[in-house]
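Trainee: Got target_25.cif for you, mmCIF, C-alpha atoms:
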data_target
loop_
_atom_site.label_atom_id
_atom_site.label_comp_id
_atom_site.auth_asym_id
_atom_site.auth_seq_id
_atom_site.Cartn_x
_atom_site.Cartn_y
_atom_site.Cartn_z
CA MET A 1 140.65 12.83 -41.95
CA ALA A 2 144.10 13.68 -40.55
CA VAL A 3 146.88 11.99 -42.49
CA PRO A 4 150.65 11.78 -41.74
CA LYS A 5 152.57 14.27 -43.85
CA ARG A 6 155.79 12.29 -44.00
CA LYS A 7 156.77 8.67 -44.10
CA SER A 8 158.28 7.68 -40.75
CA SER A 9 161.86 6.57 -41.40
CA ARG A 10 163.23 3.12 -40.59
CA SER A 11 165.41 4.67 -37.89
CA ARG A 12 162.43 6.39 -36.22
CA THR A 13 160.40 3.18 -36.28
CA ASN A 14 163.24 1.15 -34.81
CA HIS A 15 163.91 3.66 -32.06
CA ARG A 16 160.24 3.67 -31.10
CA ARG A 17 160.13 -0.11 -31.01
CA SER A 18 163.35 -0.53 -29.04
CA ALA A 19 162.06 1.77 -26.29
CA TRP A 20 159.22 -0.65 -25.49
CA LYS A 21 160.71 -3.14 -23.01
CA ALA A 22 159.43 -5.79 -20.66
CA GLU A 23 160.27 -5.32 -17.01
CA ALA A 24 160.86 -8.12 -14.50
CA PRO A 25 158.51 -8.09 -11.49
CA THR A 26 160.00 -8.03 -8.01
CA LEU A 27 159.35 -11.43 -6.44
CA VAL A 28 159.66 -12.88 -2.96
CA LYS A 29 161.59 -16.13 -2.54
CA THR A 30 160.23 -18.58 0.01
CA ILE A 31 160.81 -22.27 0.70
CA GLU A 32 157.67 -24.37 1.07
CA ASN A 33 157.94 -28.11 1.74
CA GLY A 34 161.52 -28.10 0.49
CA LYS A 35 160.63 -26.38 -2.79
CA VAL A 36 161.72 -22.85 -3.64
CA VAL A 37 158.67 -20.75 -4.52
CA TYR A 38 158.70 -17.28 -6.07
CA SER A 39 155.61 -15.14 -5.50
CA LEU A 40 154.42 -11.55 -5.65
CA PRO A 41 154.83 -9.64 -2.37
CA HIS A 42 151.82 -8.56 -0.26
CA ARG A 43 149.41 -10.76 -2.15
CA ALA A 44 147.25 -13.66 -1.03
CA LYS A 45 148.29 -17.15 -2.11
CA VAL A 46 146.21 -20.11 -3.21
CA VAL A 47 146.38 -23.01 -0.77
CA GLU A 48 146.32 -26.43 -2.41
CA ASP A 49 145.86 -29.90 -0.95
CA SER A 50 148.25 -32.76 -1.65
CA ALA A 51 146.52 -33.60 -4.96
CA GLY A 52 147.00 -30.02 -6.20
CA THR A 53 143.33 -28.98 -6.01
CA PRO A 54 142.99 -25.30 -5.06
CA LEU A 55 141.18 -24.87 -1.72
CA PHE A 56 141.17 -21.17 -0.73
CA MET A 57 143.23 -17.98 -0.70
CA GLU A 58 145.43 -17.37 2.32
CA TYR A 59 147.35 -14.33 3.55
CA LYS A 60 149.43 -14.18 6.75
CA GLY A 61 147.99 -17.45 8.02
CA ARG A 62 144.43 -16.23 7.61
CA LYS A 63 141.87 -17.55 5.16
CA VAL A 64 140.93 -14.58 3.00
CA ALA A 65 138.72 -15.66 0.13
CA ASP A 66 137.48 -18.62 -1.86
CA VAL A 67 139.17 -19.44 -5.13
CA MET B 1 140.33 13.01 7.43
CA PRO B 2 140.73 10.98 4.26
CA LYS B 3 143.00 12.42 1.62
CA PRO B 4 141.16 13.66 -1.49
CA THR B 5 141.48 11.21 -4.33
CA LYS B 6 143.48 12.11 -7.38
CA GLY B 7 142.37 11.49 -10.91
CA PRO B 8 138.98 10.99 -12.52
CA ARG B 9 135.83 9.77 -10.79
CA LEU B 10 134.89 6.12 -10.79
CA GLY B 11 132.03 5.29 -13.08
CA GLY B 12 131.94 8.43 -15.17
CA GLY B 13 130.65 11.30 -13.03
CA PRO B 14 130.47 12.45 -9.43
CA ALA B 15 126.91 11.19 -8.99
CA HIS B 16 127.78 7.84 -10.54
CA GLU B 17 130.76 7.49 -8.23
CA ARG B 18 128.64 8.33 -5.16
CA LEU B 19 126.07 5.70 -6.08
CA LEU B 20 128.70 3.13 -6.96
CA LEU B 21 130.54 3.56 -3.66
CA ALA B 22 127.27 3.58 -1.71
CA ASN B 23 126.29 0.28 -3.30
CA LEU B 24 129.70 -1.24 -2.56
CA VAL B 25 129.54 -0.13 1.09
CA SER B 26 126.01 -1.50 1.45
CA ALA B 27 127.18 -4.82 0.03
CA LEU B 28 130.11 -4.82 2.47
CA PHE B 29 127.79 -4.35 5.47
CA THR B 30 125.32 -7.01 4.34
CA HIS B 31 127.95 -9.61 3.39
CA LYS B 32 130.79 -8.60 5.82
CA SER B 33 133.38 -9.34 3.11
CA ILE B 34 133.31 -8.57 -0.60
CA LYS B 35 135.64 -9.04 -3.55
CA THR B 36 136.20 -6.06 -5.84
CA THR B 37 138.99 -4.30 -7.69
CA GLU B 38 141.84 -2.76 -5.72
CA THR B 39 140.91 0.79 -6.78
CA LYS B 40 137.29 0.44 -5.73
CA ALA B 41 138.30 -1.18 -2.43
CA LYS B 42 140.66 1.69 -1.66
CA ARG B 43 138.07 4.33 -2.61
CA MET B 44 135.24 2.77 -0.60
CA ARG B 45 137.31 2.31 2.54
CA PRO B 46 137.04 5.90 3.91
CA LEU B 47 133.28 5.96 3.27
CA ALA B 48 132.75 2.58 4.96
CA GLU B 49 134.77 3.59 8.03
CA ARG B 50 132.85 6.86 8.31
CA MET B 51 129.58 4.97 8.23
CA VAL B 52 130.83 2.69 11.02
CA THR B 53 131.73 5.76 13.09
CA PHE B 54 128.18 7.05 12.68
CA ALA B 55 126.81 3.64 13.60
CA LYS B 56 128.87 3.58 16.81
CA ARG B 57 127.28 6.90 17.80
CA GLY B 58 124.01 5.09 17.30
CA ASP B 59 121.42 7.88 17.65
CA LEU B 60 118.60 8.72 15.25
CA HIS B 61 120.44 11.62 13.62
CA ALA B 62 123.45 9.41 12.84
CA ARG B 63 121.12 6.77 11.43
CA ARG B 64 119.46 9.32 9.13
CA ARG B 65 122.84 10.58 7.90
CA VAL B 66 123.99 7.04 7.06
CA LEU B 67 120.68 6.35 5.36
CA SER B 68 121.05 9.47 3.23
CA ALA B 69 124.53 8.37 2.17
CA LEU B 70 123.78 4.69 1.50
CA GLY B 71 120.07 4.65 0.65
CA ASN B 72 119.71 1.02 1.69
CA LYS B 73 117.54 0.38 4.77
CA GLU B 74 118.56 -3.25 5.12
CA ALA B 75 122.28 -2.45 5.15
CA VAL B 76 121.78 0.41 7.61
CA HIS B 77 119.82 -1.84 9.97
CA ILE B 78 122.52 -4.52 9.87
CA LEU B 79 125.19 -1.88 10.42
CA PHE B 80 123.52 -0.36 13.47
CA THR B 81 122.27 -3.54 15.15
CA GLU B 82 124.91 -6.18 14.31
CA ILE B 83 128.16 -4.52 13.25
CA ALA B 84 128.35 -1.47 15.54
CA PRO B 85 128.30 -3.48 18.83
CA LEU B 86 131.12 -5.72 17.56
CA LEU B 87 133.26 -2.69 16.65
CA ALA B 88 132.50 -0.71 19.83
CA GLU B 89 135.94 -1.40 21.36
CA ARG B 90 137.90 -0.77 18.16
CA GLU B 91 139.39 2.69 17.62
CA GLY B 92 139.44 2.97 13.84
CA GLY B 93 140.72 0.52 11.25
CA TYR B 94 137.38 -1.19 10.82
CA THR B 95 138.15 -2.65 7.41
CA ARG B 96 140.91 -4.84 6.02
CA ILE B 97 141.99 -5.00 2.37
CA THR B 98 143.87 -8.04 1.08
CA LYS B 99 145.22 -8.11 -2.44
CA LEU B 100 144.26 -11.30 -4.22
CA GLY B 101 145.48 -11.43 -7.79
CA PHE B 102 144.48 -10.48 -11.28
CA ARG B 103 141.05 -10.98 -12.79
CA LYS B 104 140.71 -13.25 -15.74
CA GLY B 105 139.44 -11.27 -18.70
CA ASP B 106 140.78 -7.77 -18.09
CA ASN B 107 143.73 -8.53 -15.75
CA ALA B 108 142.41 -6.06 -13.17
CA PRO B 109 144.06 -6.37 -9.74
CA MET B 110 141.45 -7.72 -7.35
CA ALA B 111 141.18 -7.33 -3.59
CA GLN B 112 139.06 -8.66 -0.76
CA ILE B 113 137.73 -5.98 1.61
CA GLU B 114 136.27 -7.19 4.89
CA LEU B 115 135.10 -5.84 8.21
CA VAL B 116 137.51 -6.53 11.07
CA LEU B 117 135.06 -8.16 13.47
CA GLU B 118 137.57 -10.01 15.67
CA PRO B 119 137.66 -8.82 19.31
CA VAL B 120 140.33 -6.21 20.02
CA THR B 121 143.44 -7.57 21.78
CA LYS B 122 144.31 -5.15 24.55
CA THR B 123 147.88 -3.89 24.78
CA PRO B 124 149.31 -2.57 28.08
CA SER B 125 149.27 1.26 28.59
CA ALA B 126 147.63 2.89 25.60
CA LYS B 127 150.17 5.53 24.51
CA LYS B 128 153.37 3.52 25.03
CA ALA B 129 151.72 0.44 23.59
CA THR B 130 151.13 2.11 20.26
CA ALA B 131 154.83 2.96 19.99
CA ALA B 132 155.98 -0.43 21.29
CA ALA B 133 153.35 -2.47 19.48
CA ALA B 134 154.45 -1.32 16.04
CA PRO B 135 157.89 -3.00 16.11
CA LYS B 136 156.44 -6.00 17.94
CA ALA B 137 153.80 -6.40 15.29
CA THR B 138 156.41 -6.26 12.55
CA GLN B 139 158.52 -8.83 14.38
CA THR B 140 155.66 -11.24 14.95
CA ALA B 141 154.21 -10.85 11.48
CA PRO B 142 156.96 -12.53 9.39
CA PRO B 143 156.96 -15.82 11.38
CA ALA B 144 153.18 -15.93 11.16
CA ALA B 145 153.40 -15.18 7.45
CA ALA B 146 155.68 -18.08 6.60
CA PRO B 147 155.70 -20.66 9.39
CA VAL B 148 156.02 -23.50 6.89
CA ALA B 149 158.98 -21.89 5.17
CA THR B 150 160.88 -21.26 8.40
CA GLU B 151 160.25 -24.79 9.62
CA VAL B 152 161.49 -26.23 6.39
CA VAL B 153 164.59 -24.05 6.51
CA ALA B 154 165.24 -25.12 10.09
CA ASP B 155 164.85 -28.77 9.13
CA GLU B 156 167.24 -28.44 6.24
CA THR B 157 169.89 -26.72 8.31
CA SER B 158 169.62 -29.34 11.04
CA VAL B 159 169.88 -32.14 8.49
CA GLU B 160 172.97 -30.54 6.97
CA GLU B 161 174.57 -30.15 10.38
CA VAL B 162 173.91 -33.78 11.20
CA ALA B 163 175.36 -34.88 7.87
CA VAL B 164 178.50 -32.80 8.41
CA ASP B 165 178.90 -34.22 11.91
CA GLU B 166 178.62 -37.79 10.64
CA VAL B 167 181.20 -37.15 7.94
CA VAL B 168 183.61 -35.67 10.44
CA VAL B 169 183.09 -38.57 12.84
CA ASP B 170 183.66 -41.05 10.02
CA ALA B 171 186.73 -39.27 8.73
CA ALA B 172 188.59 -39.08 12.06
CA PRO B 173 188.86 -42.87 12.68
CA ALA B 174 189.49 -43.43 8.97
CA GLU B 175 192.61 -41.26 9.12
CA VAL B 176 193.85 -43.13 12.14
CA VAL B 177 193.26 -46.40 10.29
CA ALA B 178 195.13 -45.07 7.27
CA GLU B 179 198.19 -44.13 9.31
CA ALA B 180 198.16 -47.48 11.00
CA ALA B 181 197.82 -49.16 7.62
CA VAL B 182 200.83 -47.30 6.20
CA GLU B 183 202.96 -48.39 9.19
CA GLU B 184 201.85 -51.96 8.82
CA VAL B 185 202.65 -51.91 5.09
CA ALA B 186 206.12 -50.64 5.88
CA ALA B 187 206.58 -53.33 8.51
CA ASP B 188 205.10 -56.44 6.88
CA ASP B 189 205.57 -56.62 3.12
CA ALA B 190 205.38 -60.37 3.05
CA ALA B 191 201.91 -60.75 4.51
CA THR B 192 199.79 -60.48 1.37
CA GLU B 193 196.45 -60.90 3.05
CA GLU B 194 197.11 -58.14 5.52
CA ALA B 195 198.35 -55.90 2.70
CA ALA B 196 195.13 -56.48 0.75
CA ALA B 197 193.15 -55.60 3.83
CA ASP B 198 195.31 -52.50 4.30
CA GLU B 199 194.75 -51.39 0.72
CA ALA B 200 191.03 -51.70 1.25
CA ALA B 201 191.39 -49.66 4.41
CA THR B 202 193.41 -46.96 2.64
CA GLU B 203 190.84 -46.79 -0.15
CA GLU B 204 188.09 -46.36 2.39
CA ALA B 205 190.12 -43.68 4.14
CA THR B 206 190.69 -41.71 0.93
CA ASP B 207 187.00 -41.96 0.11
CA ALA B 208 186.14 -40.68 3.56
CA GLU B 209 188.57 -37.82 3.19
CA LYS B 210 187.05 -36.85 -0.15
CA ALA B 211 183.60 -36.95 1.40
CA ALA B 212 184.86 -34.76 4.23
CA GLU B 213 186.24 -32.28 1.76
#
Taking this structure as input, can you express it in the form of structure tokens?

Mentor:
Amino acid sequence: MAVPKRKSSRSRTNHRRSAWKAEAPTLVKTIENGKVVYSLPHRAKVVEDSAGTPLFMEYKGRKVADV
Amino acid sequence: MPKPTKGPRLGGGPAHERLLLANLVSALFTHKSIKTTETKAKRMRPLAERMVTFAKRGDLHARRRVLSALGNKEAVHILFTEIAPLLAEREGGYTRITKLGFRKGDNAPMAQIELVLEPVTKTPSAKKATAAAAPKATQTAPPAAAPVATEVVADETSVEEVAVDEVVVDAAPAEVVAEAAVEEVAADDAATEEAAADEAATEEATDAEKAAE
């Protein structure tokens, strides 16, 4: 079995870990019924009724798929 | 001609990919709309559109070529008898892919691929229309995309305008009243009742001015 020859130093470990970053997604800001909504661009949205039950997926005013 | 796909085959080998795509396309023709991953939807699109082109030709040779690619008699029959007449007027772009979201479990991006079976809307003068229709389509698309949002925005702006107008209307007489009140105070110090009324008026005027600001 292959085994590391040297112990990886604290500095090496920390540099490796600090390079791994989260990245904020680009979102689209829209106003629906007076509320500001952020959503992913070019992606179908779930349409809900007044009680908050999901009904279907919608994109550009067209029903696309069931939830 | 579709651009050759980069990267490894779907499934594990060329034969596996062929079968997998053939099954997906057969399912698309039998169900008209299927939900799959974005990658598979994008890979099956050229094959599906090619099959539709064969179906629009409609002769026995075309039927045998589609059958050799799909290997599903039911799907081929539906394609040639039901789908091809509906797409006869359409010049390409027979399928539509809509991105849906991420699958629970492996977080794979999912998409809905469907046949565009709506009747073609004719645009005036074929060659100029294609050039002119592109900007028109982009202009008409955003309002259709978010009609609710635009309406709400319009409502809010109108409400704000109305509010501003009311404040302005209120403030203008209030200032006049305040000036008059100051003159009266200077004139009649003795009249306590009037002075009290004036103070109330001045307070109202200052409030109105603050609101206007």

Trainee: Please identify all polymer residues within 8 Å of stretch 25-32 of chain B, counting all atoms listed in the file, omitting same-chain residues fewer than 2 positions from it, and present them as a list in words.

Mentor: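 Once the adjacent positions are removed, what remains is Leu21, Ala22, Asn23, Ile34, Met44, Leu47, Ala48, Leu70, Asn72, Glu74, Ala75, Val76, Ile78, Leu79, Ile83, Ile113, Glu114 and Leu115 of chain B.
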
Trainee: To one decimal in Å, tell me the separation between atom CA of A:Val37 and atom CA of B:Arg103.

Mentor: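 Between these atoms lies a distance of 21.8 Å.
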
Trainee: What does the structure give for the distance between atom CA of B:Pro46 and atom CA of B:Met110, in Å to one decimal?

Mentor: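 Separation between atom CA of B:Pro46 and atom CA of B:Met110: 18.2 Å.
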
Trainee: What is the distance, in Å and to one decimal place, between atom CA of A:Phe56 and atom CA of B:Glu82?

Mentor: 26.7 Å

Trainee: Using the chain letters and numbers from the file, which residues does the PyMOL selection byres ((chain A) within 7 of (chain B)) grab, as a list in words?

Mentor: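 Matching residues under the PyMOL selection byres ((chain A) within 7 of (chain B)) are Thr30, Ile31, Glu32, Asn33, Gly34, His42, Arg43, Ala44, Lys60 and Gly61 of chain A.
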
Trainee: Those residues you just picked out, can you put them in a file as a PDB file, keeping the file's coordinate frame with C-alpha atoms?

Mentor:
ATOM      1  CA  THR A  30     160.230 -18.580   0.010  1.00  0.00           C
ATOM      2  CA  ILE A  31     160.810 -22.270   0.700  1.00  0.00           C
ATOM      3  CA  GLU A  32     157.670 -24.370   1.070  1.00  0.00           C
ATOM      4  CA  ASN A  33     157.940 -28.110   1.740  1.00  0.00           C
ATOM      5  CA  GLY A  34     161.520 -28.100   0.490  1.00  0.00           C
ATOM      6  CA  HIS A  42     151.820  -8.560  -0.260  1.00  0.00           C
ATOM      7  CA  ARG A  43     149.410 -10.760  -2.150  1.00  0.00           C
ATOM      8  CA  ALA A  44     147.250 -13.660  -1.030  1.00  0.00           C
ATOM      9  CA  LYS A  60     149.430 -14.180   6.750  1.00  0.00           C
ATOM     10  CA  GLY A  61     147.990 -17.450   8.020  1.00  0.00           C
TER      11      GLY A  61
END

Trainee: Taking the file as shown, find all residues satisfying the PyMOL selection byres ((chain B and resi 43) around 12) and write them as an MDAnalysis selection string.

Mentor: chainID B and resid 2:10 17:18 20:22 24:25 36:42 44:49 97 113

Trainee: If the PyMOL selection byres ((chain B and resi 117-122) around 7) is run on the structure shown, which residues does it catch, given as a list in words?

Mentor: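 Evaluating the PyMOL selection byres ((chain B and resi 117-122) around 7) on this file yields Leu86, Leu87, Glu89, Arg90, Leu115, Val116, Thr123 and Pro124 of chain B.
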
Trainee: Would you kindly return, as a PyMOL selection string, each protein, DNA or RNA residue with an atom no farther than 7 Å from any atom of A:Val46, considering all atoms listed in the file and excluding same-chain residues fewer than 3 positions away?

Mentor: chain A and resi 54+56-58

Trainee: Between A:Trp20, A:Lys29, A:Arg6, A:Ala65, which has the minimum distance to A:Lys45 (counting only C-alpha atoms)?

Mentor: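 Using only C-alpha atoms, A:Lys45 sits closest to A:Ala65.
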